[in-house]
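Chemist: The structure file coords19.txt (compact mmCIF, C-alpha atoms and all ligand atoms) is provided below.
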# COMPACT_ATOMS: atom_id res chain seq x y z
CA LYS A 1 -22.50 12.00 4.52
CA THR A 2 -20.56 15.12 5.58
CA ILE A 3 -17.74 14.62 8.05
CA ASN A 4 -16.39 17.50 10.14
CA LEU A 5 -12.67 16.77 10.08
CA LYS A 6 -11.91 19.38 12.77
CA ALA A 7 -13.53 17.07 15.29
CA PHE A 8 -10.82 14.50 14.50
CA ARG A 9 -8.03 16.98 15.28
CA ASP A 10 -9.32 18.18 18.64
CA SER A 11 -6.27 18.89 20.82
CA GLU A 12 -8.08 18.36 24.15
CA LYS A 13 -9.24 14.90 23.09
CA LEU A 14 -5.73 14.15 21.82
CA LYS A 15 -4.27 15.12 25.19
CA GLY A 16 -6.76 12.87 26.97
CA LEU A 17 -5.80 9.92 24.79
CA GLU A 18 -2.10 10.69 25.24
CA TYR A 19 -2.52 10.58 29.01
CA SER A 20 -4.48 7.35 28.92
CA ILE A 21 -2.08 5.61 26.49
CA LYS A 22 0.89 6.52 28.67
CA LYS A 23 -0.86 5.21 31.78
CA PHE A 24 -1.52 1.87 30.05
CA VAL A 25 2.08 1.62 28.85
CA GLU A 26 3.40 2.43 32.34
CA LYS A 27 1.24 -0.41 33.62
CA ILE A 28 2.69 -2.76 30.97
CA GLY A 29 6.18 -1.59 31.90
CA ARG A 30 7.90 -1.42 28.52
CA THR A 31 7.77 0.37 25.16
CA ILE A 32 5.05 -1.02 22.91
CA ASN A 33 5.94 -1.71 19.26
CA ILE A 34 3.14 -1.01 16.83
CA MET A 35 3.39 -1.53 13.08
CA GLU A 36 1.24 0.76 10.98
CA PHE A 37 0.84 -1.14 7.73
CA CYS A 38 -0.29 1.80 5.64
CA GLY A 39 1.70 4.83 4.49
CA GLY A 40 -1.37 7.00 5.05
CA HIS A 41 -0.99 6.29 8.77
CA THR A 42 2.77 6.88 8.61
CA HIS A 43 2.11 10.34 7.17
CA THR A 44 -0.44 11.15 9.87
CA ILE A 45 1.94 9.94 12.61
CA ILE A 46 4.89 11.97 11.30
CA LYS A 47 2.92 15.04 10.15
CA TYR A 48 1.17 15.53 13.50
CA GLY A 49 4.15 14.48 15.62
CA ILE A 50 2.33 11.53 17.18
CA ASP A 51 5.62 9.61 17.29
CA GLN A 52 7.17 12.47 19.29
CA LEU A 53 4.12 12.81 21.53
CA LEU A 54 4.38 9.13 22.50
CA GLU A 55 8.16 8.82 22.39
CA GLY A 56 9.48 6.29 24.91
CA TYR A 57 6.01 4.77 25.20
CA ILE A 58 5.12 3.72 21.65
CA ARG A 59 7.57 2.78 18.96
CA PHE A 60 5.98 3.04 15.51
CA ILE A 61 7.32 0.56 12.99
CA HIS A 62 6.48 1.68 9.48
CA GLY A 63 5.15 -1.16 7.34
CA PRO A 64 4.83 -1.79 3.59
CA GLY A 65 3.22 1.62 3.01
CA CYS A 66 1.35 1.58 -0.27
CA PRO A 67 1.06 -0.32 -3.57
CA VAL A 68 3.56 2.00 -5.27
CA CYS A 69 6.10 1.42 -2.46
CA VAL A 70 5.91 -2.36 -2.73
CA ILE A 71 6.00 -2.73 -6.49
CA PRO A 72 9.40 -4.14 -7.53
CA SER A 73 11.39 -2.54 -10.33
CA SER A 74 10.76 -5.56 -12.55
CA ARG A 75 7.06 -4.64 -12.81
CA ILE A 76 8.10 -1.15 -13.97
CA ASP A 77 10.38 -2.85 -16.52
CA LEU A 78 7.31 -4.74 -17.69
CA ALA A 79 5.26 -1.53 -18.00
CA ILE A 80 8.05 0.15 -19.96
CA GLU A 81 8.38 -2.85 -22.30
CA ILE A 82 4.65 -2.80 -23.01
CA ALA A 83 4.44 0.99 -23.39
CA GLY A 84 7.33 0.87 -25.86
CA GLN A 85 5.46 -1.38 -28.29
CA LYS A 86 3.99 -0.10 -31.55
CA ASP A 87 0.51 1.47 -31.49
CA THR A 88 0.18 1.07 -27.74
CA ILE A 89 -1.15 3.46 -25.10
CA LEU A 90 -0.25 2.67 -21.50
CA CYS A 91 -2.48 4.17 -18.78
CA THR A 92 -1.82 4.07 -15.06
CA TYR A 93 -2.21 6.01 -11.82
CA GLY A 94 0.00 9.04 -11.18
CA ASP A 95 2.76 8.02 -8.75
CA LEU A 96 3.67 4.94 -10.75
CA LEU A 97 4.94 7.12 -13.61
CA ARG A 98 7.85 8.22 -11.43
CA VAL A 99 9.03 4.87 -10.04
CA PRO A 100 12.45 3.98 -11.48
CA SER A 101 12.84 0.74 -13.41
CA SER A 102 15.87 -1.57 -13.10
CA ASN A 103 17.91 0.74 -15.32
CA ARG A 104 16.60 3.91 -13.61
CA LYS A 105 14.25 4.81 -16.45
CA THR A 106 10.69 5.82 -15.55
CA LEU A 107 7.44 5.82 -17.49
CA LEU A 108 7.67 9.62 -17.47
CA ASP A 109 11.06 9.36 -19.23
CA LEU A 110 9.43 7.11 -21.80
CA ARG A 111 6.67 9.66 -22.34
CA ALA A 112 9.32 12.36 -22.85
CA GLU A 113 10.74 10.17 -25.62
CA GLY A 114 7.38 10.38 -27.39
CA TYR A 115 5.70 7.16 -26.28
CA ASP A 116 2.04 7.33 -25.36
CA VAL A 117 1.95 6.99 -21.58
CA ARG A 118 -1.06 8.55 -19.88
CA MET A 119 -1.93 9.25 -16.27
CA VAL A 120 -5.50 8.38 -15.32
CA ASN A 121 -7.44 9.05 -12.13
CA SER A 122 -9.93 6.26 -12.69
CA SER A 123 -9.81 2.89 -14.44
CA LEU A 124 -12.81 3.93 -16.52
CA GLU A 125 -10.72 6.65 -18.18
CA ALA A 126 -8.81 3.81 -19.80
CA LEU A 127 -12.12 2.49 -21.11
CA ASN A 128 -12.94 5.85 -22.72
CA ILE A 129 -9.47 5.99 -24.27
CA ALA A 130 -9.95 2.49 -25.72
CA LEU A 131 -13.32 3.52 -27.16
CA SER A 132 -11.90 6.63 -28.81
CA GLU A 133 -8.60 5.09 -30.00
CA LYS A 134 -9.84 1.99 -31.80
CA GLY A 135 -6.62 1.64 -33.84
CA LYS A 136 -4.45 1.42 -30.72
CA ARG A 137 -3.95 -1.18 -28.01
CA VAL A 138 -4.81 0.45 -24.69
CA VAL A 139 -3.24 -1.11 -21.59
CA PHE A 140 -4.36 -0.26 -18.09
CA PHE A 141 -1.43 -1.00 -15.76
CA ALA A 142 -3.55 -1.66 -12.68
CA ILE A 143 -2.06 -1.16 -9.25
CA GLY A 144 -3.48 -1.02 -5.76
CA PHE A 145 -4.48 -2.79 -2.60
CA GLU A 146 -8.10 -3.84 -2.13
CA THR A 147 -9.30 -0.22 -2.36
CA THR A 148 -8.72 0.11 -6.12
CA THR A 149 -9.30 -3.51 -7.20
CA PRO A 150 -13.10 -3.12 -7.57
CA GLN A 151 -12.54 -0.27 -10.05
CA THR A 152 -10.37 -2.54 -12.19
CA ALA A 153 -12.99 -5.28 -11.93
CA VAL A 154 -15.62 -2.86 -13.23
CA LEU A 155 -13.33 -1.90 -16.11
CA LEU A 156 -12.95 -5.55 -17.15
CA LEU A 157 -16.68 -6.24 -16.84
CA LYS A 158 -17.49 -3.17 -18.97
CA ALA A 159 -14.87 -4.10 -21.55
CA LYS A 160 -16.39 -7.58 -21.87
CA GLU A 161 -19.92 -6.20 -22.05
CA LEU A 162 -18.90 -3.79 -24.84
CA GLY A 163 -16.90 -6.49 -26.63
CA LEU A 164 -13.77 -4.32 -26.74
CA LYS A 165 -10.89 -5.85 -28.65
CA ASN A 166 -8.23 -3.22 -27.90
CA LEU A 167 -8.28 -2.98 -24.10
CA TYR A 168 -5.91 -4.89 -21.82
CA VAL A 169 -5.24 -4.91 -18.09
CA VAL A 170 -1.97 -5.81 -16.37
CA SER A 171 -2.90 -6.70 -12.81
CA ASN A 172 -0.55 -5.67 -10.01
CA HIS A 173 -3.28 -5.79 -7.40
CA VAL A 174 -2.04 -7.01 -4.04
CA ILE A 175 -3.69 -8.20 -0.83
CA THR A 176 -3.10 -6.63 2.56
CA PRO A 177 -3.74 -9.56 4.96
CA ALA A 178 -1.34 -11.82 3.00
CA ALA A 179 1.46 -9.29 3.52
CA ILE A 180 0.71 -9.01 7.25
CA GLN A 181 0.84 -12.79 7.55
CA HIS A 182 4.17 -12.82 5.72
CA ILE A 183 5.52 -10.19 8.13
CA LEU A 184 4.34 -12.20 11.13
CA ASN A 185 5.85 -15.41 9.74
CA SER A 186 9.22 -13.89 9.06
CA PRO A 187 11.61 -13.82 12.04
CA GLU A 188 13.95 -11.38 10.27
CA ILE A 189 11.10 -8.99 9.79
CA ARG A 190 9.36 -9.64 13.07
CA ASP A 191 12.37 -9.25 15.34
CA ILE A 192 13.43 -5.68 15.01
CA GLY A 193 16.45 -5.09 17.22
CA LYS A 194 15.28 -7.97 19.43
CA VAL A 195 11.87 -6.42 19.92
CA GLU A 196 8.71 -7.92 18.54
CA ILE A 197 5.76 -6.22 16.89
CA ASP A 198 3.12 -6.11 19.60
CA ALA A 199 0.17 -4.89 17.56
CA PHE A 200 -0.96 -3.60 14.18
CA LEU A 201 -2.83 -0.55 12.95
CA GLY A 202 -4.75 -1.72 9.87
CA PRO A 203 -5.65 0.54 6.94
CA GLY A 204 -9.21 1.84 7.23
CA HIS A 205 -9.74 2.40 3.51
CA VAL A 206 -8.81 -1.22 2.70
CA SER A 207 -11.35 -2.38 5.28
CA THR A 208 -14.11 -0.31 3.66
CA ILE A 209 -13.89 -3.06 1.02
CA ILE A 210 -12.76 -6.22 2.87
CA GLY A 211 -14.19 -5.40 6.30
CA THR A 212 -12.44 -6.24 9.55
CA ARG A 213 -13.07 -9.99 9.42
CA PRO A 214 -9.88 -11.01 7.48
CA TYR A 215 -7.73 -9.67 10.34
CA GLU A 216 -9.33 -11.88 12.97
CA TYR A 217 -6.95 -14.69 12.04
CA PHE A 218 -3.95 -12.60 13.12
CA SER A 219 -5.28 -11.80 16.54
CA GLU A 220 -6.42 -15.40 17.08
CA GLU A 221 -3.39 -17.20 15.60
CA PHE A 222 -0.57 -14.77 16.48
CA LEU A 223 -2.18 -13.13 19.53
CA LYS A 224 -1.65 -9.66 18.08
CA PRO A 225 -4.21 -6.92 18.68
CA VAL A 226 -5.28 -5.16 15.47
CA ALA A 227 -7.05 -1.80 15.27
CA ILE A 228 -8.55 -0.82 11.92
CA CYS A 229 -8.13 2.96 11.88
CA GLY A 230 -8.99 6.10 10.00
CA PHE A 231 -6.39 8.63 8.97
CA GLU A 232 -6.94 11.69 11.13
CA PRO A 233 -4.77 12.24 14.25
CA LEU A 234 -7.56 11.27 16.64
CA ASP A 235 -8.23 8.12 14.62
CA VAL A 236 -4.61 7.02 14.97
CA MET A 237 -4.38 7.97 18.65
CA GLN A 238 -7.59 6.11 19.37
CA GLY A 239 -6.26 3.11 17.42
CA VAL A 240 -3.11 3.13 19.55
CA TRP A 241 -5.23 3.40 22.69
CA LEU A 242 -7.38 0.47 21.57
CA VAL A 243 -4.43 -1.90 21.05
CA VAL A 244 -2.47 -0.78 24.11
CA ASN A 245 -5.59 -1.27 26.19
CA GLN A 246 -5.76 -4.90 24.97
CA ILE A 247 -2.06 -5.53 25.66
CA ALA A 248 -2.43 -4.16 29.17
CA ARG A 249 -5.26 -6.65 29.79
CA GLY A 250 -3.50 -9.57 28.07
CA GLU A 251 -6.06 -9.73 25.27
CA ALA A 252 -5.78 -9.78 21.48
CA TYR A 253 -8.66 -9.15 19.10
CA VAL A 254 -9.59 -7.00 16.11
CA VAL A 255 -11.20 -3.70 16.89
CA ASN A 256 -12.83 -1.36 14.43
CA GLN A 257 -11.95 2.27 15.14
CA TYR A 258 -13.14 3.44 11.70
CA THR A 259 -16.79 2.68 12.36
CA ARG A 260 -17.92 5.66 10.31
CA PHE A 261 -16.99 3.74 7.15
CA VAL A 262 -16.04 0.15 8.02
CA SER A 263 -18.10 -2.88 8.99
CA ARG A 264 -17.04 -6.41 9.85
CA GLU A 265 -18.22 -7.75 6.50
CA GLY A 266 -17.05 -4.84 4.31
CA ASN A 267 -18.51 -3.95 0.94
CA ILE A 268 -20.07 -7.22 -0.25
CA LYS A 269 -20.99 -5.81 -3.66
CA ALA A 270 -17.40 -4.76 -4.33
CA GLN A 271 -16.09 -8.12 -3.07
CA LYS A 272 -18.42 -9.95 -5.51
CA LEU A 273 -17.23 -7.81 -8.42
CA VAL A 274 -13.62 -8.58 -7.55
CA SER A 275 -14.16 -12.33 -7.21
CA GLU A 276 -16.06 -12.42 -10.52
CA VAL A 277 -13.03 -11.09 -12.37
CA PHE A 278 -9.97 -11.99 -10.30
CA GLU A 279 -8.52 -15.03 -8.58
CA LEU A 280 -5.53 -15.49 -6.29
CA ARG A 281 -2.11 -15.43 -7.94
CA LYS A 282 0.20 -18.11 -6.61
CA VAL A 283 3.45 -16.18 -7.01
CA PHE A 284 3.92 -12.44 -6.77
CA GLU A 285 7.04 -10.57 -5.80
CA TRP A 286 6.88 -7.56 -3.49
CA ARG A 287 9.64 -5.03 -3.06
CA GLY A 288 11.22 -5.68 0.32
CA LEU A 289 9.18 -8.78 1.14
CA GLY A 290 10.23 -10.96 -1.81
CA ILE A 291 7.83 -13.59 -3.11
CA VAL A 292 4.70 -13.68 -0.99
CA PRO A 293 2.50 -16.67 -1.94
CA TYR A 294 -1.13 -15.93 -2.75
CA SER A 295 -0.65 -12.24 -2.05
CA ALA A 296 -1.87 -10.83 -5.36
CA LEU A 297 -4.68 -11.18 -7.87
CA LYS A 298 -4.64 -12.40 -11.46
CA ILE A 299 -7.34 -12.11 -14.09
CA ARG A 300 -9.67 -15.11 -14.37
CA LYS A 301 -9.67 -17.31 -17.50
CA GLU A 302 -13.07 -15.95 -18.55
CA PHE A 303 -11.45 -12.53 -18.99
CA GLU A 304 -8.08 -13.68 -20.36
CA ALA A 305 -8.64 -11.90 -23.69
CA PHE A 306 -8.08 -8.70 -21.71
CA ASP A 307 -5.08 -9.96 -19.76
CA GLY A 308 -2.13 -7.80 -20.77
CA GLU A 309 0.41 -10.25 -19.33
CA LYS A 310 -0.91 -13.00 -21.64
CA SER A 311 -1.58 -10.82 -24.69
CA PHE A 312 1.79 -9.06 -24.84
CA ASP A 313 4.84 -11.21 -25.41
CA VAL A 314 6.90 -9.69 -22.61
CA LYS A 315 8.91 -11.62 -20.06
CA LEU A 316 9.30 -10.32 -16.54
CA PRO A 317 13.00 -9.65 -15.78
CA PRO A 318 14.40 -10.25 -12.27
CA PRO A 319 14.13 -7.10 -10.12
CA LYS A 320 17.25 -4.97 -9.84
CA GLU A 321 17.06 -2.17 -7.28
CA HIS A 322 19.55 0.66 -6.77
CA PRO A 323 22.39 -0.81 -4.64
CA ALA A 324 22.33 2.02 -2.10
CA CYS A 325 18.53 2.22 -1.75
CA ILE A 326 17.24 0.50 1.39
CA CYS A 327 13.55 0.71 0.45
CA GLY A 328 13.25 -3.03 1.06
CA LYS A 329 14.35 -2.61 4.66
CA VAL A 330 12.12 0.44 5.14
CA ILE A 331 9.14 -1.53 3.82
CA ARG A 332 9.90 -4.44 6.19
CA GLY A 333 10.16 -2.00 9.08
CA VAL A 334 13.77 -2.93 9.88
CA ALA A 335 15.25 0.46 8.98
CA LEU A 336 14.17 4.07 9.10
CA PRO A 337 14.37 6.28 5.99
CA THR A 338 16.96 8.43 7.73
CA GLU A 339 19.29 5.40 7.92
CA CYS A 340 19.59 5.47 4.11
CA LYS A 341 22.79 7.16 2.91
CA LEU A 342 20.91 8.74 0.00
CA PHE A 343 18.05 10.19 2.06
CA GLY A 344 17.50 13.90 1.46
CA THR A 345 20.69 14.34 -0.55
CA VAL A 346 20.80 12.17 -3.64
CA CYS A 347 17.23 10.94 -3.09
CA THR A 348 14.50 13.56 -2.80
CA PRO A 349 10.87 13.71 -3.99
CA GLN A 350 12.13 15.67 -7.03
CA ASN A 351 14.75 13.00 -7.75
CA PRO A 352 13.46 9.79 -6.16
CA ILE A 353 15.80 6.81 -6.21
CA GLY A 354 13.40 4.34 -4.63
CA SER A 355 9.64 3.88 -4.58
CA CYS A 356 9.33 4.95 -0.90
CA MET A 357 10.37 8.47 -1.91
CA VAL A 358 8.18 8.51 -5.05
CA SER A 359 4.92 7.65 -3.44
CA SER A 360 2.97 10.34 -1.67
CA GLU A 361 2.30 7.66 0.97
CA GLY A 362 5.90 6.41 1.18
CA ALA A 363 7.78 6.49 4.50
CA CYS A 364 10.80 8.22 2.91
CA ALA A 365 8.53 10.92 1.46
CA ALA A 366 6.92 11.40 4.90
CA TYR A 367 10.30 11.79 6.62
CA PHE A 368 11.50 14.15 3.89
CA LYS A 369 8.39 16.30 4.12
CA TYR A 370 7.99 16.50 7.89
CA LYS A 371 11.19 15.40 9.61
CA ARG A 372 14.01 17.22 7.87
CA LEU A 373 15.62 19.77 10.16
FE1 LIG B 401 15.39 4.38 -1.27
FE2 LIG B 401 15.48 7.06 -1.31
FE3 LIG B 401 14.26 5.88 0.69
FE4 LIG B 401 16.92 5.73 0.46
S1 LIG B 401 15.72 7.57 0.85
S2 LIG B 401 15.51 4.06 0.96
S3 LIG B 401 17.15 5.67 -1.77
S4 LIG B 401 13.64 5.80 -1.45
Could you take the file, read its structure, and then write that structure out as structure tokens?
Ligand code: SF4
Modeler:
Amino acid sequence: KTINLKAFRDSEKLKGLEYSIKKFVEKIGRTINIMEFCGGHTHTIIKYGIDQLLEGYIRFIHGPGCPVCVIPSSRIDLAIEIAGQKDTILCTYGDLLRVPSSNRKTLLDLRAEGYDVRMVNSSLEALNIALSEKGKRVVFFAIGFETTTPQTAVLLLKAKELGLKNLYVVSNHVITPAAIQHILNSPEIRDIGKVEIDAFLGPGHVSTIIGTRPYEYFSEEFLKPVAICGFEPLDVMQGVWLVVNQIARGEAYVVNQYTRFVSREGNIKAQKLVSEVFELRKVFEWRGLGIVPYSALKIRKEFEAFDGEKSFDVKLPPPKEHPACICGKVIRGVALPTECKLFGTVCTPQNPIGSCMVSSEGACAAYFKYKRL
């Protein structure tokens, strides 16, 4: 279906929502702290000046951002180890190529040294490479929240169907609700300057797959309103309005702002594909959040012949981030990018030191692009 995006940037409607949000907040009598989990929302908020529009009324706390932001350097070390092996082609999505490993090396650096590292836009490109490069081991270094996991599931199902012997997947797929629960359970993360997160804006694209249902636990258990939102300015403003409205009335439930794409149940077909191929991983480390139990997916035993982590004899080193980079704090929402000493000087999108500056959805990249004076 065709969507007219102009309708989601209508200044008159924005002004109406601004007025109404401010009235609700005045009624509540204090600044409301809202965490936007997704970097796509952070970019919308900063790009369109929504944070400035609602200054003093709404405090936006930037959350984990995106899969590239939360991947620890040790997983990049793993990718580099695998890509450096003989007769191996490593394929992954674009931004990951620029994330520094523990010793500052990136997959792009490795490619410049002559190793075969390829950027793909779809998991199925890795399948085609495996079909055309039968003498090589082709590894898809899979990354993403729930939005890209079904694509990886399809890749593994196709590989099994075709009986491929030279295709492997390293799964770095992570789960959004598990990270939100971790944030809510962590006092250090939750109490930001003695203020608590009042509500969440949930990522609309993730909910196209998982629906809104997995968030109901947070509003019921933690009494936090959640609005699942789209990514245009009106989407975000309406999401803010929807949670502030609940706070003003002393209520907490999940509300679906992104009704043009999201349902309560989500995409059942995609969910079935994912559960056919993946199961929960007990231990997975996130940048900034540390080990978050059951927050990622591993490949099921039935597909273990394609599991790159089992097929390549590579051990995962402990993560070692740049000592001056505060990406971890930015991801937890306890520091702003501008509080980092390297922001905009040593660390820029051209020379990123941490993942939050690499990723096009990272908070540091958003501040660099839209907030530098
Ligand atoms: Fe890390 Fe750069 Fe962001 Fe600082 S500005 S936290 S070094 S990514």
Chemist: Return as a PyMOL selection string every polymer residue, whether protein, DNA or RNA, with at least one atom no more than 7 Å from an atom of ligand LIG 401 (chain B); count only C-alpha atoms and all ligand atoms.
Modeler: chain A and resi 324-327+330+337+340-344+347-348+352-357+364
Chemist: Could you pull the residues within 10 Å of Gln85 (chain A), counting only C-alpha atoms, minus those fewer than 5 positions along the same chain, as a PyMOL selection string?
Modeler: chain A and resi 80+90+115-116+137+312
Chemist: Find the residues near Tyr48 (chain A): any atom within 12 Å, counting all atoms listed in the file, skip ones fewer than 4 places away on the same chain, and give them as a list of chain:residue names.
Modeler: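 Residues near the query, excluding close chain neighbours: A:Arg9, A:Asp10, A:Ser11, A:Leu14, A:His41, A:Thr42, A:His43, A:Thr44, A:Gln52, A:Leu53, A:Leu54, A:Phe231, A:Glu232, A:Pro233, A:Leu234, A:Val236, A:Met237, A:Ala366, A:Lys369, A:Tyr370, A:Lys371.
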Chemist: Give the answer as one residue: which of A:Ala270, A:Leu78, A:Leu5, A:Ile58 has the shortest atom-to-atom distance to Thr106 (chain A), using all atoms listed in the file?
Modeler: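 Between A:Ala270, A:Leu78, A:Leu5, A:Ile58, the residue approaching Thr106 (chain A) most closely is A:Leu78.
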Chemist: What does the structure give for the distance between CA of Ser171 (chain A) and CA of Ile299 (chain A), in Å to one decimal?
Modeler: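 The value is 7.1 Å.
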Chemist: Please report the interatomic distance between CA of Ser122 (chain A) and CA of Val174 (chain A) in Å with one decimal.
Modeler: 17.7 Å
Chemist: Provide an axis-aligned box for all listed atoms of region 109-127 of chain A, padding each side by 8 Å; report its centre and its edge lengths in Å to one decimal, as JSON.
Modeler:
{"center_x": -0.9, "center_y": 7.4, "center_z": -19.8, "size_x": 39.9, "size_y": 25.9, "size_z": 31.3}
Chemist: For CA of Arg104 (chain A) and CA of Pro72 (chain A), quote the distance in Å rounded to one decimal.
Modeler: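 Between these atoms lies a distance of 12.4 Å.
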Chemist: For Asp307 (chain A), which residue among A:Lys160, A:Lys13, A:Lys282, A:Arg59 is the nearest when counting all atoms listed in the file?
Modeler: A:Lys160
Chemist: My list of candidates is A:Ser132, A:Ser186, A:Asn172, A:Ser20. Which is closest to Leu96 (chain A) when distances are computed with all atoms listed in the file?
Modeler: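 With all atoms listed in the file as the atom set, the closest residue is A:Asn172.
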Chemist: What would the list of residues within 9 Å of (-0.1, 11.9, -0.5) (file frame) look like as a PyMOL selection string, if all atoms listed in the file are what count?
Modeler: chain A and resi 39-40+43+359-362+365-366
Chemist: Select all residues near (-2.1, 6.9, 20.8) (cut-off 7 Å, inclusive, file coordinates), counting all atoms listed in the file, and output them as an MDAnalysis selection string.
Modeler: chainID A and resid 17:18 21 236:241
Chemist: Which one is closest to Ala112 (chain A): A:Val334, A:Val138, A:Leu97, A:Ala126? Count only C-alpha atoms.
Modeler: A:Leu97
Chemist: Considering only C-alpha atoms, state which residue in the set A:Val206, A:Val120, A:Phe140, A:Val254 is at the smallest distance from Pro225 (chain A).
Modeler: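 Under the stated criterion, the closest residue is A:Val254.
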Chemist: Identify, on the basis of all atoms listed in the file, every residue whose closest approach to Ala153 (chain A) does not exceed 8 Å; exclude the query and any residue fewer than 3 positions from it along the same chain; express the result as JSON, numbers by chain.
Modeler: {"A": [149, 150, 156, 157, 273, 274, 276, 277, 278]}
Chemist: Go ahead and write the selection's residues with C-alpha atoms as a short mmCIF file (atom, residue, chain, number, x, y, z; two decimals), in the frame of the given file.
Modeler:
data_model
loop_
_atom_site.label_atom_id
_atom_site.label_comp_id
_atom_site.auth_asym_id
_atom_site.auth_seq_id
_atom_site.Cartn_x
_atom_site.Cartn_y
_atom_site.Cartn_z
CA THR A 149 -9.30 -3.51 -7.20
CA PRO A 150 -13.10 -3.12 -7.57
CA LEU A 156 -12.95 -5.55 -17.15
CA LEU A 157 -16.68 -6.24 -16.84
CA LEU A 273 -17.23 -7.81 -8.42
CA VAL A 274 -13.62 -8.58 -7.55
CA GLU A 276 -16.06 -12.42 -10.52
CA VAL A 277 -13.03 -11.09 -12.37
CA PHE A 278 -9.97 -11.99 -10.30
#
Chemist: So that I can check the surroundings of Ile291 (chain A), please list as an MDAnalysis selection string every protein, DNA and RNA residue that reaches within 12 Å of it, counting only C-alpha atoms and ignoring chain neighbours fewer than 4 positions away.
Modeler: chainID A and resid 70:72 174 178:179 182:183 281:287 295:296 318:319
Chemist: I'd like to know which of A:Glu26, A:Gly202, A:Cys69, A:Phe37 is closest to Gly56 (chain A), using all atoms listed in the file.
Modeler: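 Ranking A:Glu26, A:Gly202, A:Cys69, A:Phe37 by distance to Gly56 (chain A), first place goes to A:Glu26.
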